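> Contents of structure_16.tsv (TSV, C-alpha atoms) are given next:
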chain	number	residue	atom	x	y	z
A	3	GLU	CA	-10.01	99.63	-61.75
A	4	CYS	CA	-9.84	95.84	-61.60
A	5	ALA	CA	-7.95	95.79	-58.28
A	6	ALA	CA	-10.61	97.98	-56.61
A	7	LEU	CA	-13.02	95.02	-56.46
A	8	ALA	CA	-10.51	92.83	-54.63
A	9	SER	CA	-9.49	95.67	-52.30
A	10	ALA	CA	-13.11	96.44	-51.36
A	11	ALA	CA	-13.95	92.76	-50.80
A	12	LEU	CA	-10.89	92.15	-48.63
A	13	LYS	CA	-11.47	95.30	-46.59
A	14	ALA	CA	-15.12	94.31	-45.99
A	15	ALA	CA	-13.95	90.85	-44.86
A	16	GLY	CA	-11.38	92.27	-42.42
A	17	ALA	CA	-8.38	91.13	-44.47
A	18	LYS	CA	-5.30	93.00	-45.63
A	19	THR	CA	-5.94	94.66	-48.96
A	20	ARG	CA	-2.38	94.10	-50.14
A	21	ASN	CA	0.33	92.04	-48.51
A	22	GLY	CA	3.67	93.80	-48.72
A	23	LYS	CA	5.83	94.66	-51.69
A	24	ASP	CA	4.78	93.82	-55.26
A	25	ALA	CA	6.38	90.58	-56.45
A	26	PRO	CA	7.98	89.30	-58.52
A	27	ASN	CA	8.01	92.75	-60.20
A	28	ASP	CA	6.48	96.19	-59.66
A	29	GLY	CA	2.76	96.05	-60.41
A	30	ASP	CA	2.47	92.34	-59.57
A	31	TYR	CA	0.21	92.75	-56.55
A	32	VAL	CA	0.51	90.35	-53.62
A	33	TRP	CA	-2.89	89.75	-51.98
A	34	GLY	CA	-1.91	87.40	-49.15
A	35	GLU	CA	-0.24	84.01	-48.98
A	36	GLN	CA	0.38	82.42	-52.39
A	37	VAL	CA	-1.64	79.23	-52.85
A	38	VAL	CA	-0.77	78.32	-56.43
A	39	LEU	CA	1.04	79.64	-59.50
A	40	TRP	CA	-0.05	78.69	-63.03
A	41	GLU	CA	2.38	79.62	-65.77
A	42	ALA	CA	2.39	78.99	-69.49
A	43	THR	CA	5.16	76.76	-70.82
A	44	PRO	CA	5.86	75.45	-74.33
A	45	THR	CA	4.25	72.12	-73.33
A	46	GLY	CA	1.18	73.67	-71.67
A	47	PRO	CA	0.34	75.28	-68.35
A	48	LYS	CA	2.41	74.23	-65.34
A	49	ALA	CA	1.09	74.50	-61.78
A	50	THR	CA	3.16	75.08	-58.68
A	51	GLY	CA	0.65	74.19	-55.99
A	52	LYS	CA	-2.65	72.33	-56.23
A	53	LEU	CA	-6.05	73.28	-57.60
A	54	ASP	CA	-7.47	71.39	-54.59
A	55	ASP	CA	-6.12	74.18	-52.36
A	56	VAL	CA	-7.91	77.03	-54.17
A	57	ARG	CA	-11.07	78.32	-52.47
A	58	PRO	CA	-13.74	80.92	-53.16
A	59	GLY	CA	-12.54	84.28	-51.87
A	60	ASP	CA	-8.94	83.76	-53.02
A	61	VAL	CA	-7.57	86.54	-55.22
A	62	ILE	CA	-6.00	86.03	-58.66
A	63	GLN	CA	-3.24	88.27	-60.01
A	64	TYR	CA	-2.55	87.99	-63.76
A	65	ARG	CA	0.60	88.98	-65.66
A	66	ASP	CA	0.92	89.02	-69.47
A	67	THR	CA	-1.64	86.26	-69.96
A	68	LYS	CA	-3.14	85.01	-73.19
A	69	TRP	CA	-6.00	82.49	-73.08
A	70	VAL	CA	-7.20	80.57	-76.13
A	71	THR	CA	-10.49	78.71	-75.69
A	72	LYS	CA	-12.11	76.65	-78.42
A	73	THR	CA	-15.83	75.97	-78.16
A	74	GLY	CA	-17.19	74.16	-81.18
A	75	LYS	CA	-16.06	76.12	-84.25
A	76	ARG	CA	-15.45	79.34	-82.32
A	77	THR	CA	-12.12	80.32	-80.78
A	78	TYR	CA	-12.03	82.92	-78.01
A	79	THR	CA	-8.76	84.69	-77.27
A	80	GLY	CA	-8.46	86.75	-74.11
A	81	VAL	CA	-5.41	88.82	-73.19
A	82	ALA	CA	-4.61	90.42	-69.83
A	83	ALA	CA	-1.31	92.23	-69.37
A	84	HIS	CA	-2.21	93.03	-65.76
A	85	HIS	CA	-5.47	92.08	-64.09
A	86	THR	CA	-6.99	91.11	-60.73
A	87	ALA	CA	-10.00	88.87	-60.06
A	88	ILE	CA	-11.66	87.01	-57.19
A	89	VAL	CA	-12.31	83.26	-57.15
A	90	ALA	CA	-16.07	82.64	-56.89
A	91	GLY	CA	-15.93	78.86	-57.36
A	92	VAL	CA	-13.70	75.93	-58.27
A	93	ASP	CA	-14.66	73.11	-60.66
A	94	LYS	CA	-11.84	70.62	-60.07
A	95	PRO	CA	-12.96	67.98	-62.62
A	96	ALA	CA	-13.24	70.61	-65.38
A	97	GLY	CA	-10.08	72.47	-64.31
A	98	THR	CA	-11.88	75.82	-64.27
A	99	LEU	CA	-12.37	78.70	-61.90
A	100	ALA	CA	-15.52	80.79	-61.69
A	101	ILE	CA	-14.36	84.37	-61.18
A	102	LEU	CA	-15.68	87.83	-60.42
A	103	HIS	CA	-13.85	90.74	-61.99
A	104	GLN	CA	-14.35	94.27	-63.26
A	105	ASN	CA	-12.86	96.74	-65.70
A	106	THR	CA	-12.42	94.18	-68.46
A	107	GLY	CA	-13.51	94.34	-72.09
A	108	GLY	CA	-14.29	98.04	-71.66
A	109	LYS	CA	-16.89	97.25	-68.98
A	110	ARG	CA	-16.27	98.96	-65.66
A	111	PHE	CA	-18.71	96.88	-63.62
A	112	VAL	CA	-18.49	93.48	-61.92
A	113	GLN	CA	-18.86	90.50	-64.24
A	114	GLU	CA	-18.83	86.74	-63.83
A	115	ALA	CA	-16.60	84.59	-66.01
A	116	THR	CA	-15.07	81.12	-66.22
A	117	LEU	CA	-11.32	80.72	-66.35
A	118	PRO	CA	-10.27	77.45	-68.09
A	119	LEU	CA	-6.80	76.85	-66.65
A	120	ALA	CA	-5.71	74.48	-69.45
A	121	ASP	CA	-6.24	77.30	-71.98
A	122	LEU	CA	-3.44	79.50	-70.59
A	123	LYS	CA	-1.03	80.03	-73.50
A	124	GLU	CA	1.18	82.91	-72.25
A	125	GLY	CA	2.06	84.53	-68.93
A	126	TRP	CA	1.07	83.50	-65.43
A	127	ILE	CA	-1.52	83.80	-62.71
A	128	ARG	CA	-0.87	83.67	-58.99
A	129	ILE	CA	-3.66	82.84	-56.59
A	130	TYR	CA	-3.46	84.26	-53.08
A	131	ARG	CA	-5.25	83.43	-49.85
A	132	PRO	CA	-6.19	86.64	-48.01
A	133	VAL	CA	-4.75	87.17	-44.53
A	134	PRO	CA	-6.37	88.95	-41.59
A	135	ALA	CA	-5.70	92.69	-41.40
A	136	GLY	CA	-4.03	92.31	-37.99
A	137	LYS	CA	-1.25	90.02	-39.26
Just give me the structure of the file as structure tokens.

Amino acid sequence: ECAALASAALKAAGAKTRNGKDAPNDGDYVWGEQVVLWEATPTGPKATGKLDDVRPGDVIQYRDTKWVTKTGKRTYTGVAAHHTAIVAGVDKPAGTLAILHQNTGGKRFVQEATLPLADLKEGWIRIYRPVPAGK
């Protein structure tokens, strides 16, 4: 499943695989200390926290997201009711995250993707900083 990638990466790094009770609801995994929350609003995505604080290795938890990306004449719509990914890179000027994730689009292997934060139309993502397993 999608969370298996994050769990395996955190375990290999000596970090906690999950950090306490799901929040804000059951199934909303907590992967460490929250760094930032992006949530869709009627006027566009709103951030609580700063993109500057996001680093490779942070873990993203999605809830009821819909992304609409327009490239030229093509529109891509992606939907994730519940998903987990790992931050691979941050492009601050472009407002995008390079991610690694699996079990998406019917593909059960690890894939790279770009997450354009301005294209979030519904739902939210929370980005967590892993914490050491001993804490």
> Which of these, A:Arg128, A:Lys123, A:Arg57, A:Lys18, has the shortest distance to Thr86 in chain A once you count all atoms listed in the file?
A:Arg128
> Of the candidates A:Arg65, A:His103, A:Lys94, A:Lys72, which shows the shortest atom-to-atom distance to Ala5 in chain A, using all atoms listed in the file?
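Among A:Arg65, A:His103, A:Lys94, A:Lys72, it is A:His103 that comes nearest to Ala5 in chain A.
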> From the options A:Leu119, A:Lys23, A:Pro132, A:Gly125, which residue's atoms come nearest to Ala11 in chain A, counting only C-alpha atoms?
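Answer, going by the shortest atom-to-atom distance: A:Pro132.
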> Residues near Asp93 in chain A, anyone? I mean within 10 Å using all atoms listed in the file, not counting same-chain ones fewer than 4 positions away, as a list in words.
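The contact residues come out as Leu53, Asp54, Gly97, Thr98, Leu99, Ala100, Thr116 and Pro118 of chain A.
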> Mind writing the picked residues with C-alpha atoms as a PDB file, keeping the file's coordinate frame?

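Once everything was written out, this is again-v5.pdb:
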ATOM      1  CA  LEU A  53      -6.050  73.280 -57.600  1.00  0.00           C
ATOM      2  CA  ASP A  54      -7.470  71.390 -54.590  1.00  0.00           C
ATOM      3  CA  GLY A  97     -10.080  72.470 -64.310  1.00  0.00           C
ATOM      4  CA  THR A  98     -11.880  75.820 -64.270  1.00  0.00           C
ATOM      5  CA  LEU A  99     -12.370  78.700 -61.900  1.00  0.00           C
ATOM      6  CA  ALA A 100     -15.520  80.790 -61.690  1.00  0.00           C
ATOM      7  CA  THR A 116     -15.070  81.120 -66.220  1.00  0.00           C
ATOM      8  CA  PRO A 118     -10.270  77.450 -68.090  1.00  0.00           C
TER       9      PRO A 118
END
> Would you work out the distance separating CA of Ile129 in chain A from CA of Arg110 in chain A, expressed in Å to one decimal?
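About the pair CA of Ile129 in chain A and CA of Arg110 in chain A: they are 22.4 Å apart.
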> Using all atoms listed in the file for the distances, tell me which of A:Lys52, A:Lys68, A:Lys109, A:Arg131 is nearest to Glu3 in chain A.
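Of all the options, A:Lys109 lies closest to Glu3 in chain A.
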> Which residue out of A:Thr71, A:Val112, A:Asn105, A:Gln63 has the minimum interatomic distance to Asp24 in chain A when all atoms listed in the file are used?
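Looking at the shortest contact to Asp24 in chain A, the residue is A:Gln63.
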> Would you mind telling me which residue in A:Asp66, A:Thr106, A:Ala49, A:Ala87 lies nearest to Ala120 in chain A when using only C-alpha atoms?
A:Ala49
> Can you tell me how far CA of His85 in chain A sits from CA of Leu12 in chain A, in Å to one decimal?
16.4 Å
> Please check which residues have atoms at most 8 Å from (-11.9, 78.7, -52.7) in the file's coordinates, counting only C-alpha atoms, and write them as a list in words.
Asp55, Val56, Arg57, Pro58, Gly59, Asp60, Val89, Ala90, Gly91 and Val92 of chain A
> Expressed in Å to a single decimal, how great is the separation between CA of Ala6 in chain A and CA of Pro26 in chain A?
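Answer for the CA of Ala6 in chain A to CA of Pro26 in chain A separation: 20.6 Å.
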> Give me, as number ranges by chain, all polymer residues having an atom no more than 10 Å from Asn21 in chain A, counting only C-alpha atoms and skipping those fewer than 3 positions away in the same chain.
A: 17-18, 24, 31-35, 130, 132-133, 135, 137
> Quick one: residues within 6 Å of Trp40 in chain A, only C-alpha atoms, excluding same-chain residues fewer than 5 positions away - as a list of chain:residue names?
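Result of the neighbour search: A:Lys48, A:Ala49, A:Trp126, A:Ile127.
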> I need the chosen residues saved as an mmCIF file, in the frame of the given file, with C-alpha atoms.

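File written: again00.cif
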data_model
loop_
_atom_site.group_PDB
_atom_site.id
_atom_site.type_symbol
_atom_site.label_atom_id
_atom_site.label_comp_id
_atom_site.auth_asym_id
_atom_site.auth_seq_id
_atom_site.Cartn_x
_atom_site.Cartn_y
_atom_site.Cartn_z
ATOM 1 C CA LYS A 48 2.410 74.230 -65.340
ATOM 2 C CA ALA A 49 1.090 74.500 -61.780
ATOM 3 C CA TRP A 126 1.070 83.500 -65.430
ATOM 4 C CA ILE A 127 -1.520 83.800 -62.710
#
